[in-house]
file input15.cif (mmCIF, C-alpha atoms and all ligand atoms)
data_protein
#
loop_
_atom_site.label_atom_id
_atom_site.label_comp_id
_atom_site.auth_asym_id
_atom_site.auth_seq_id
_atom_site.Cartn_x
_atom_site.Cartn_y
_atom_site.Cartn_z
CA MET A 1 -12.31 15.83 8.96
CA ASN A 2 -16.06 16.13 8.77
CA VAL A 3 -17.28 14.60 12.05
CA SER A 4 -17.45 16.70 15.22
CA VAL A 5 -15.53 15.36 18.20
CA ASN A 6 -18.57 14.38 20.33
CA MET A 7 -20.02 12.26 17.48
CA ARG A 8 -16.92 10.13 17.19
CA LEU A 9 -16.74 6.40 17.82
CA PRO A 10 -16.56 5.01 21.37
CA ASN A 11 -13.27 3.92 22.91
CA TYR A 12 -11.42 1.13 21.20
CA VAL A 13 -10.07 -2.13 22.57
CA ALA A 14 -8.44 -4.35 19.98
CA ALA A 15 -10.07 -7.72 19.28
CA PRO A 16 -8.41 -10.39 21.45
CA ASP A 17 -8.52 -12.88 18.55
CA ARG A 18 -6.86 -10.50 16.06
CA TYR A 19 -3.98 -12.84 15.26
CA ASP A 20 -6.05 -16.02 14.90
CA THR A 21 -6.66 -16.05 11.16
CA MET A 22 -4.34 -13.59 9.39
CA LYS A 23 -1.32 -15.16 7.69
CA TYR A 24 2.12 -13.53 7.72
CA ARG A 25 5.05 -13.77 5.33
CA ARG A 26 8.69 -12.96 5.97
CA CYS A 27 9.82 -9.75 4.28
CA GLY A 28 12.79 -10.83 2.17
CA LYS A 29 15.72 -11.96 4.30
CA SER A 30 14.78 -9.86 7.31
CA GLY A 31 13.39 -10.42 10.77
CA ILE A 32 10.09 -8.75 9.86
CA MET A 33 6.90 -10.64 9.07
CA LEU A 34 4.13 -8.76 7.32
CA PRO A 35 0.45 -9.70 7.02
CA LEU A 36 -0.49 -10.99 3.56
CA ILE A 37 -2.79 -7.96 3.30
CA SER A 38 -1.68 -4.46 4.33
CA LEU A 39 -3.71 -1.24 4.36
CA GLY A 40 -2.78 1.85 2.35
CA LEU A 41 -4.02 5.35 3.21
CA TRP A 42 -3.49 7.11 -0.13
CA HIS A 43 -7.23 7.74 -0.63
CA ASN A 44 -10.17 8.02 1.80
CA PHE A 45 -8.18 9.58 4.68
CA GLY A 46 -8.13 13.17 3.41
CA ARG A 47 -9.55 16.19 5.19
CA SER A 48 -12.99 15.97 3.56
CA ASP A 49 -13.39 12.22 4.09
CA ASN A 50 -15.48 10.92 6.98
CA PHE A 51 -13.39 10.48 10.13
CA ASN A 52 -15.57 7.74 11.61
CA THR A 53 -15.34 5.70 8.41
CA ALA A 54 -11.57 6.18 8.37
CA SER A 55 -11.35 5.13 12.04
CA GLU A 56 -13.53 2.08 11.45
CA ILE A 57 -11.37 0.99 8.53
CA VAL A 58 -8.19 1.21 10.62
CA ARG A 59 -9.79 -0.51 13.64
CA THR A 60 -11.22 -3.30 11.46
CA ALA A 61 -7.84 -3.82 9.84
CA PHE A 62 -6.05 -4.19 13.16
CA ASP A 63 -8.84 -6.35 14.60
CA ASN A 64 -8.19 -8.74 11.70
CA GLY A 65 -4.43 -8.96 12.13
CA ILE A 66 -3.45 -6.26 9.64
CA THR A 67 -0.45 -4.83 11.41
CA HIS A 68 0.92 -2.78 8.53
CA PHE A 69 -0.33 0.70 7.60
CA ASP A 70 1.22 2.49 4.65
CA LEU A 71 1.34 6.28 4.31
CA ALA A 72 3.31 8.98 2.51
CA ASN A 73 3.97 12.66 3.10
CA ASN A 74 1.62 13.82 0.34
CA TYR A 75 -1.37 11.50 0.84
CA GLY A 76 -4.55 13.51 1.35
CA PRO A 77 -5.85 15.77 -0.05
CA PRO A 78 -4.49 18.16 0.95
CA TYR A 79 -0.93 16.88 1.21
CA GLY A 80 -0.19 15.70 4.73
CA ALA A 81 -3.86 15.16 5.64
CA SER A 82 -3.76 11.34 5.64
CA GLU A 83 -0.87 11.36 8.08
CA GLU A 84 -2.80 13.80 10.28
CA THR A 85 -5.91 11.60 10.16
CA PHE A 86 -3.91 8.48 10.87
CA GLY A 87 -2.09 10.32 13.68
CA GLU A 88 -5.41 11.19 15.28
CA ILE A 89 -6.64 7.59 15.01
CA PHE A 90 -3.32 6.22 16.21
CA ASN A 91 -3.11 8.51 19.21
CA ARG A 92 -6.67 7.79 20.26
CA ASP A 93 -6.95 4.06 19.48
CA LEU A 94 -3.64 2.41 18.73
CA LYS A 95 -0.99 4.07 20.86
CA SER A 96 -0.91 1.26 23.39
CA TYR A 97 -0.43 -1.21 20.51
CA ARG A 98 2.55 0.66 18.97
CA ASP A 99 4.88 -2.32 19.25
CA GLU A 100 2.41 -4.46 17.27
CA LEU A 101 2.39 -2.08 14.30
CA ILE A 102 4.49 -1.48 11.21
CA ILE A 103 3.84 2.10 10.08
CA SER A 104 5.51 3.41 6.95
CA SER A 105 5.87 6.76 5.26
CA LYS A 106 7.63 8.04 2.16
CA ALA A 107 9.06 11.08 0.43
CA GLY A 108 9.95 11.48 -3.22
CA TRP A 109 7.02 13.21 -4.94
CA ASP A 110 6.10 16.90 -4.73
CA MET A 111 5.35 18.00 -1.18
CA TRP A 112 6.22 21.66 -0.59
CA ASN A 113 7.19 24.65 -2.68
CA GLY A 114 10.71 25.44 -3.77
CA PRO A 115 13.63 23.25 -4.77
CA TYR A 116 13.80 21.18 -1.54
CA GLY A 117 10.31 19.66 -1.40
CA ASN A 118 10.52 17.02 -4.15
CA PHE A 119 12.65 14.19 -5.63
CA GLY A 120 15.57 12.60 -3.75
CA SER A 121 17.93 15.00 -1.99
CA ARG A 122 19.17 14.37 1.53
CA LYS A 123 17.74 17.78 2.44
CA TYR A 124 14.22 16.76 1.29
CA LEU A 125 14.10 13.23 2.72
CA ILE A 126 15.29 14.15 6.19
CA ALA A 127 13.08 17.24 6.53
CA SER A 128 10.10 15.32 5.17
CA CYS A 129 10.53 12.42 7.59
CA ASP A 130 10.60 14.92 10.48
CA GLN A 131 7.37 16.48 9.23
CA SER A 132 5.68 13.07 8.84
CA LEU A 133 6.60 12.08 12.40
CA LYS A 134 5.08 15.32 13.72
CA ARG A 135 1.87 14.89 11.71
CA MET A 136 1.41 11.32 12.98
CA GLY A 137 2.59 12.01 16.52
CA LEU A 138 5.16 9.23 16.27
CA ASP A 139 8.73 8.99 17.58
CA TYR A 140 9.74 6.81 14.63
CA VAL A 141 8.33 5.12 11.56
CA ASP A 142 8.97 1.44 11.02
CA ILE A 143 9.76 1.86 7.33
CA PHE A 144 10.78 5.00 5.47
CA TYR A 145 10.80 4.87 1.67
CA HIS A 146 12.22 6.85 -1.16
CA HIS A 147 8.93 7.14 -3.07
CA ARG A 148 10.25 7.18 -6.65
CA PRO A 149 13.58 7.19 -8.47
CA ASP A 150 15.23 10.58 -9.05
CA PRO A 151 17.46 10.54 -12.14
CA ASP A 152 19.23 13.78 -11.14
CA THR A 153 20.29 13.03 -7.56
CA PRO A 154 23.13 10.56 -7.04
CA LEU A 155 21.76 7.31 -5.62
CA GLU A 156 24.51 7.50 -2.99
CA GLU A 157 22.98 10.72 -1.63
CA THR A 158 19.43 9.36 -1.49
CA MET A 159 20.43 6.02 0.03
CA GLY A 160 22.75 7.88 2.43
CA ALA A 161 19.76 9.91 3.61
CA LEU A 162 17.75 6.72 4.26
CA ASP A 163 20.67 5.24 6.19
CA HIS A 164 20.98 8.48 8.19
CA LEU A 165 17.30 8.32 9.21
CA VAL A 166 17.86 4.83 10.58
CA ARG A 167 20.96 5.94 12.49
CA GLN A 168 18.99 8.85 13.94
CA GLY A 169 16.35 6.40 15.18
CA LYS A 170 13.65 8.04 13.07
CA ALA A 171 13.12 4.92 10.93
CA LEU A 172 13.76 1.29 11.80
CA TYR A 173 13.98 0.04 8.20
CA VAL A 174 14.16 1.55 4.73
CA GLY A 175 12.59 0.82 1.39
CA ILE A 176 12.34 2.07 -2.17
CA SER A 177 9.33 2.45 -4.42
CA GLN A 178 8.90 2.34 -8.20
CA TYR A 179 12.62 1.67 -8.83
CA ASN A 180 13.33 -0.51 -11.88
CA ALA A 181 15.31 -3.75 -11.59
CA GLU A 182 18.68 -2.19 -12.44
CA ASP A 183 18.39 0.75 -10.03
CA THR A 184 17.03 -1.56 -7.35
CA ALA A 185 20.17 -3.69 -7.56
CA LYS A 186 22.35 -0.55 -7.39
CA ALA A 187 20.42 0.93 -4.45
CA ALA A 188 20.52 -2.42 -2.63
CA ASN A 189 24.31 -2.56 -2.95
CA ILE A 190 24.79 0.98 -1.68
CA LEU A 191 22.52 0.33 1.29
CA LYS A 192 24.29 -2.95 2.05
CA ASP A 193 27.65 -1.14 2.10
CA LEU A 194 26.20 1.48 4.45
CA GLY A 195 25.01 -1.28 6.80
CA THR A 196 21.29 -0.55 6.36
CA PRO A 197 19.92 -3.27 4.08
CA CYS A 198 16.93 -2.47 1.90
CA LEU A 199 13.96 -4.15 3.62
CA ILE A 200 11.31 -3.76 0.97
CA HIS A 201 10.39 -2.57 -2.51
CA GLN A 202 6.97 -1.06 -3.24
CA PRO A 203 6.02 -1.45 -6.92
CA ARG A 204 2.65 -1.19 -8.63
CA TYR A 205 1.64 -4.74 -9.49
CA ASN A 206 -1.71 -6.08 -10.55
CA MET A 207 -3.23 -8.27 -13.28
CA PHE A 208 -3.22 -5.33 -15.70
CA ASP A 209 0.26 -4.02 -14.86
CA ARG A 210 2.84 -6.80 -14.72
CA TRP A 211 6.11 -4.93 -15.28
CA VAL A 212 7.66 -6.38 -12.11
CA GLU A 213 7.65 -9.86 -13.67
CA ASP A 214 10.19 -8.67 -16.22
CA GLY A 215 13.30 -8.64 -14.01
CA LEU A 216 12.38 -6.84 -10.78
CA LEU A 217 11.02 -9.88 -8.92
CA SER A 218 14.16 -11.89 -9.65
CA VAL A 219 16.39 -9.05 -8.36
CA LEU A 220 14.28 -8.88 -5.19
CA GLY A 221 14.58 -12.65 -4.75
CA SER A 222 18.34 -12.71 -5.22
CA GLU A 223 18.94 -9.62 -3.04
CA GLY A 224 16.67 -10.90 -0.27
CA ILE A 225 14.42 -7.83 -0.44
CA GLY A 226 10.71 -8.18 0.34
CA SER A 227 7.98 -6.48 -1.64
CA ILE A 228 4.59 -4.90 -1.17
CA ALA A 229 2.37 -4.66 -4.27
CA PHE A 230 0.47 -1.37 -4.52
CA SER A 231 -2.81 -0.73 -6.39
CA PRO A 232 -3.43 -4.50 -6.53
CA LEU A 233 -6.99 -3.88 -7.74
CA GLN A 234 -5.93 -1.27 -10.30
CA GLN A 235 -7.64 1.32 -8.10
CA GLY A 236 -10.89 -0.66 -8.09
CA VAL A 237 -11.06 -1.63 -11.78
CA LEU A 238 -10.19 -5.24 -10.89
CA THR A 239 -13.41 -5.69 -8.94
CA ASN A 240 -16.99 -6.14 -10.09
CA LYS A 241 -17.90 -2.50 -9.23
CA TYR A 242 -17.69 -1.03 -12.74
CA LEU A 243 -19.38 -3.91 -14.59
CA ASN A 244 -22.78 -2.22 -14.62
CA GLY A 245 -21.79 1.42 -15.03
CA LEU A 246 -20.03 3.99 -12.88
CA PRO A 247 -21.25 3.98 -9.25
CA GLU A 248 -21.63 7.48 -7.75
CA ASP A 249 -19.47 6.59 -4.75
CA SER A 250 -16.61 5.06 -6.77
CA ARG A 251 -13.13 6.50 -7.13
CA ALA A 252 -13.54 7.04 -10.87
CA VAL A 253 -16.53 9.32 -10.19
CA LYS A 254 -15.68 10.84 -6.79
CA ASP A 255 -12.02 11.58 -7.27
CA ASP A 256 -10.65 11.22 -10.78
CA ARG A 257 -7.16 12.59 -10.10
CA TYR A 258 -5.57 9.21 -10.70
CA LEU A 259 -8.33 6.93 -12.00
CA LYS A 260 -10.32 8.44 -14.85
CA ALA A 261 -13.65 7.06 -16.00
CA ALA A 262 -12.28 7.21 -19.57
CA GLN A 263 -9.70 4.54 -18.65
CA ILE A 264 -12.48 2.05 -17.92
CA THR A 265 -13.10 1.24 -21.58
CA PRO A 266 -15.33 -1.51 -23.03
CA LYS A 267 -12.14 -3.48 -23.81
CA VAL A 268 -11.00 -3.28 -20.18
CA LEU A 269 -14.47 -4.21 -18.96
CA GLY A 270 -14.53 -7.17 -21.34
CA LYS A 271 -11.45 -8.60 -19.60
CA VAL A 272 -12.83 -7.76 -16.16
CA ARG A 273 -16.03 -9.63 -17.01
CA LEU A 274 -14.11 -12.76 -18.06
CA LEU A 275 -11.90 -12.58 -14.95
CA ASN A 276 -14.99 -12.13 -12.81
CA GLU A 277 -16.40 -15.40 -14.21
CA ILE A 278 -13.24 -17.29 -13.23
CA ALA A 279 -13.38 -15.74 -9.75
CA GLN A 280 -17.04 -16.75 -9.35
CA ASN A 281 -16.21 -20.33 -10.34
CA ARG A 282 -13.56 -20.32 -7.61
CA GLY A 283 -16.15 -19.09 -5.12
CA GLN A 284 -14.37 -15.72 -4.82
CA SER A 285 -15.08 -12.11 -5.66
CA LEU A 286 -12.87 -10.68 -8.40
CA ALA A 287 -11.15 -8.46 -5.82
CA GLN A 288 -10.29 -11.56 -3.80
CA MET A 289 -8.94 -13.43 -6.81
CA ALA A 290 -6.88 -10.42 -7.94
CA ILE A 291 -5.25 -10.28 -4.49
CA VAL A 292 -4.35 -13.95 -4.19
CA TRP A 293 -3.13 -14.03 -7.80
CA LEU A 294 -0.37 -11.61 -6.71
CA LEU A 295 0.48 -13.71 -3.67
CA ARG A 296 1.27 -16.73 -5.87
CA ASN A 297 4.72 -15.10 -6.25
CA PRO A 298 6.96 -15.91 -3.29
CA GLU A 299 8.72 -12.55 -3.78
CA ILE A 300 5.51 -10.68 -2.95
CA THR A 301 5.44 -10.37 0.83
CA THR A 302 2.15 -8.52 1.12
CA VAL A 303 -0.57 -6.94 -0.99
CA LEU A 304 -1.29 -3.28 -0.24
CA VAL A 305 -4.99 -2.60 -0.65
CA GLY A 306 -6.88 0.67 -0.35
CA VAL A 307 -10.55 0.68 0.69
CA SER A 308 -13.30 3.27 0.94
CA LYS A 309 -15.52 1.07 3.13
CA THR A 310 -15.01 -1.44 5.92
CA SER A 311 -17.04 -4.00 3.93
CA GLN A 312 -14.43 -3.86 1.13
CA LEU A 313 -11.66 -4.56 3.61
CA LEU A 314 -13.52 -7.56 5.03
CA ASP A 315 -14.16 -8.85 1.49
CA ASN A 316 -10.44 -8.51 0.70
CA ILE A 317 -9.32 -10.28 3.88
CA LYS A 318 -11.55 -13.24 2.97
CA ALA A 319 -9.40 -13.69 -0.13
CA LEU A 320 -6.92 -15.56 2.04
CA GLU A 321 -9.38 -18.43 2.47
CA VAL A 322 -8.60 -19.65 -1.08
CA LEU A 323 -4.94 -19.05 -1.88
CA GLU A 324 -4.31 -21.85 -4.37
CA PHE A 325 -4.90 -21.79 -8.14
CA SER A 326 -5.26 -24.79 -10.41
CA THR A 327 -3.03 -24.88 -13.49
CA GLU A 328 -6.15 -24.59 -15.60
CA GLU A 329 -7.28 -21.42 -13.80
CA LEU A 330 -3.87 -19.83 -14.21
CA GLU A 331 -3.84 -20.68 -17.93
CA LYS A 332 -7.29 -19.19 -18.43
CA ILE A 333 -6.22 -16.00 -16.63
CA GLU A 334 -3.09 -15.75 -18.81
CA ILE A 335 -5.18 -15.96 -21.97
CA ILE A 336 -7.44 -13.15 -20.78
CA LEU A 337 -4.54 -10.93 -19.71
CA LYS A 338 -2.50 -11.38 -22.91
N1 LIG B 401 4.40 3.77 -3.87
C1 LIG B 401 3.59 4.40 -4.66
O1 LIG B 401 3.99 5.16 -5.55
C2 LIG B 401 2.10 4.21 -4.47
C3 LIG B 401 1.20 4.66 -5.45
C4 LIG B 401 -0.15 4.42 -5.27
C5 LIG B 401 -0.59 3.72 -4.13
N2 LIG B 401 0.32 3.33 -3.19
C6 LIG B 401 -0.12 2.62 -1.97
O2 LIG B 401 -0.97 1.55 -2.31
C7 LIG B 401 -2.19 1.66 -1.57
C8 LIG B 401 -3.32 1.06 -2.35
O3 LIG B 401 -3.48 1.73 -3.60
P1 LIG B 401 -4.91 1.81 -4.25
O4 LIG B 401 -5.83 2.51 -3.32
O5 LIG B 401 -4.77 2.29 -5.64
O6 LIG B 401 -5.28 0.22 -4.22
P2 LIG B 401 -6.36 -0.70 -4.87
O7 LIG B 401 -6.60 -1.72 -3.82
O8 LIG B 401 -5.93 -1.12 -6.22
O9 LIG B 401 -7.66 0.21 -5.06
C9 LIG B 401 -8.41 0.65 -3.96
C10 LIG B 401 -9.84 0.93 -4.38
O10 LIG B 401 -10.43 -0.25 -4.89
C11 LIG B 401 -11.77 -0.35 -4.47
N3 LIG B 401 -11.91 -1.58 -3.68
C12 LIG B 401 -11.06 -2.10 -2.77
N4 LIG B 401 -11.51 -3.27 -2.31
C13 LIG B 401 -12.68 -3.51 -2.96
C14 LIG B 401 -13.61 -4.56 -2.93
N5 LIG B 401 -13.43 -5.63 -2.14
N6 LIG B 401 -14.70 -4.48 -3.74
C15 LIG B 401 -14.91 -3.42 -4.54
N7 LIG B 401 -14.05 -2.38 -4.62
C16 LIG B 401 -12.94 -2.43 -3.83
C17 LIG B 401 -12.07 0.91 -3.68
O11 LIG B 401 -12.54 1.84 -4.62
P3 LIG B 401 -13.72 2.88 -4.37
O12 LIG B 401 -13.03 4.04 -3.72
O13 LIG B 401 -14.20 3.18 -5.76
O14 LIG B 401 -14.75 2.26 -3.49
C18 LIG B 401 -10.70 1.33 -3.21
O15 LIG B 401 -10.63 2.71 -2.92
C19 LIG B 401 -2.31 3.16 -1.33
O16 LIG B 401 -3.19 3.47 -0.27
C20 LIG B 401 -0.89 3.51 -1.00
O17 LIG B 401 -0.60 3.15 0.33
C21 LIG B 401 1.63 3.54 -3.37
#

call {"tool": "encode", "arguments": {"input": "input15.cif", "output": "structure tokens"}}
result
Amino acid sequence: MNVSVNMRLPNYVAAPDRYDTMKYRRCGKSGIMLPLISLGLWHNFGRSDNFNTASEIVRTAFDNGITHFDLANNYGPPYGASEETFGEIFNRDLKSYRDELIISSKAGWDMWNGPYGNFGSRKYLIASCDQSLKRMGLDYVDIFYHHRPDPDTPLEETMGALDHLVRQGKALYVGISQYNAEDTAKAANILKDLGTPCLIHQPRYNMFDRWVEDGLLSVLGSEGIGSIAFSPLQQGVLTNKYLNGLPEDSRAVKDDRYLKAAQITPKVLGKVRLLNEIAQNRGQSLAQMAIVWLLRNPEITTVLVGVSKTSQLLDNIKALEVLEFSTEELEKIEIILK
């Protein structure tokens, strides 16, 4: 990353009061509690991002009781770089706190060339987990996910690979991401039979993408699986940042691989503006309201935010100061979202 070693931040000692304000929720029917806000390293931890900013974000998260850090094999760019960055931060700052952390990784999307670096084979998942552990300098991850459903590999093979990783001691728990309700129920049954229950599901869920409400959340509730909502701010659209144009340092301008400026249409901004007014009347930023709106569902264990700046993380954590919604607020939000 782009900071030379002797310019890096001074040594780190975690804040003694780090558990004083964060709230934790049980992850499904498991022994694991997760903070209501978790930190994702999909963006802003790549090789050309600033290492000190990345370190500060991770330190600030942990200092505020965020114990869960979410990664995947191909986060970067380039692929693997986020795990390398996190590994460097972990080994310098967080190693002595390992037992206070839940670190996850995933495999399921394209990672390396040839037929064994993508989708859901046993070959891919086990090799990829080994690679992730090396990049992060870890002996084990706390959660290993299958990153997306693979229609061509039998679910038994993919779930068998997850179970195998747990038996090898390379993962403590397993999860699935982006699986629909029906496949989630099937995967959960296979994992239960193998003796490695599915801990957690990672779906995209935010005010503008509510597919999970149509069946998935009820499967998670009945199966006792927790969930972690990704892209809760629709990659930044559900904040006030795009209301007055496209900021130079925003994702839509800096890195439009996944969020394109063209997606932020006047119609979208019209809804964002109305939501922003409701948030302001609640004394919250829109980002804060969008986060707690997800947490109104008991099936959502934690909300997985990404941030490019420490100030954004602190803003998001403050969301937890006002968790409740009035019926009137919820009705107004529904009208805007419909
Ligand atoms: N399982 C999967 O398939 C999958 C897919 C995608 C993501 N994920 C996970 O979910 C995590 C989060 O995804 P995401 O980064 O799309 O989440 P997000 O929270 O919806 O968007 C993050 C972006 O929102 C902006 N932001 C955050 N807080 C803000 C605030 N308080 N005020 C203004 N802007 C704010 C920042 O944008 P700027 O950069 O413009 O400042 C930030 O980079 C990822 O890191 C990854 O761990 C999983």

call {"tool": "closest_residue", "arguments": {"input": "input15.cif", "among": "A:Glu88, A:His164, A:Asn73, A:Glu157", "to": "A:Ser128", "atoms": "all atoms listed in the file"}}
result
A:Asn73

call {"tool": "closest_residue", "arguments": {"input": "input15.cif", "among": "A:Arg273, A:Lys338, A:Lys192, A:His43", "to": "ligand LIG 401 (chain B)", "atoms": "only C-alpha atoms and all ligand atoms"}}
result
A:His43

call {"tool": "closest_residue", "arguments": {"input": "input15.cif", "among": "A:Gly221, A:Gly283, A:Leu246, A:Pro151", "to": "A:Thr265", "atoms": "all atoms listed in the file"}}
result
A:Leu246

call {"tool": "residues_near_ligand", "arguments": {"input": "input15.cif", "ligand": "ligand LIG 401 (chain B)", "cutoff": "8 Å", "atoms": "all atoms listed in the file", "output": "ChimeraX atom specification"}}
result
/A:39-44,69-72,147-148,177-178,202-204,206,229-241,247,249-254,285-288,304-309,311-316

call {"tool": "atom_distance", "arguments": {"input": "input15.cif", "atom1": "atom CA of A:Gly87", "atom2": "atom CA of A:Ile228"}}
result
22.3 Å

call {"tool": "closest_residue", "arguments": {"input": "input15.cif", "among": "A:Lys332, A:Arg98, A:Lys170, A:His146", "to": "A:Gln131", "atoms": "only C-alpha atoms"}}
result
A:Lys170

call {"tool": "atom_distance", "arguments": {"input": "input15.cif", "atom1": "atom CA of A:Ser55", "atom2": "atom CA of A:Gly137"}}
result
16.2 Å

call {"tool": "atom_distance", "arguments": {"input": "input15.cif", "atom1": "atom CA of A:Val219", "atom2": "atom CA of A:Asn74"}}
result
28.6 Å

call {"tool": "closest_atom_pairs", "arguments": {"input": "input15.cif", "of": "stretch 44-141 of chain A", "to": "stretch 18-37 of chain A", "cutoff": "8 Å", "atoms": "only C-alpha atoms", "output": "tab-separated table"}}
result
residue	atom	partner	partner_atom	distance
A:Phe62	CA	A:Arg18	CA	7.0
A:Asp63	CA	A:Arg18	CA	4.8
A:Asn64	CA	A:Arg18	CA	4.9
A:Gly65	CA	A:Arg18	CA	4.9
A:Ile66	CA	A:Pro35	CA	5.8
A:Thr67	CA	A:Pro35	CA	6.6
A:His68	CA	A:Leu34	CA	6.9

call {"tool": "write_last_selection", "arguments": {"input": "input15.cif", "atoms": "C-alpha atoms", "output": "PDB file, in the frame of the given file"}}
result
ATOM      1  CA  PHE A  62      -6.050  -4.190  13.160  1.00  0.00           C
ATOM      2  CA  ASP A  63      -8.840  -6.350  14.600  1.00  0.00           C
ATOM      3  CA  ASN A  64      -8.190  -8.740  11.700  1.00  0.00           C
ATOM      4  CA  GLY A  65      -4.430  -8.960  12.130  1.00  0.00           C
ATOM      5  CA  ILE A  66      -3.450  -6.260   9.640  1.00  0.00           C
ATOM      6  CA  THR A  67      -0.450  -4.830  11.410  1.00  0.00           C
ATOM      7  CA  HIS A  68       0.920  -2.780   8.530  1.00  0.00           C
TER       8      HIS A  68
END

call {"tool": "residues_around", "arguments": {"input": "input15.cif", "residues": "A:Trp293", "least_positions_apart": "6", "cutoff": "10 Å", "atoms": "only C-alpha atoms", "output": "list in words"}}
result
Asn206, Met207, Pro232, Ala287, Ala319, Leu323, Glu324, Phe325, Leu330 and Ile333 of chain A

call {"tool": "axis_aligned_box", "arguments": {"input": "input15.cif", "around": "stretch 300-307 of chain A", "padding_each_side": "8 Å", "output": "JSON"}}
result
{"center_x": -2.5, "center_y": -5.0, "center_z": -0.9, "size_x": 32.1, "size_y": 27.4, "size_z": 20.1}

call {"tool": "residues_around", "arguments": {"input": "input15.cif", "residues": "A:Ile143", "least_positions_apart": "3", "cutoff": "8 Å", "atoms": "only C-alpha atoms", "output": "ChimeraX atom specification"}}
result
/A:102-105,171-175

call {"tool": "closest_residue", "arguments": {"input": "input15.cif", "among": "A:Ser121, A:Leu295, A:Ala279, A:Gly226", "to": "A:Thr153", "atoms": "all atoms listed in the file"}}
result
A:Ser121

call {"tool": "closest_residue", "arguments": {"input": "input15.cif", "among": "A:Met111, A:Ala127, A:Met159, A:Ile300", "to": "A:Ser218", "atoms": "only C-alpha atoms"}}
result
A:Ile300
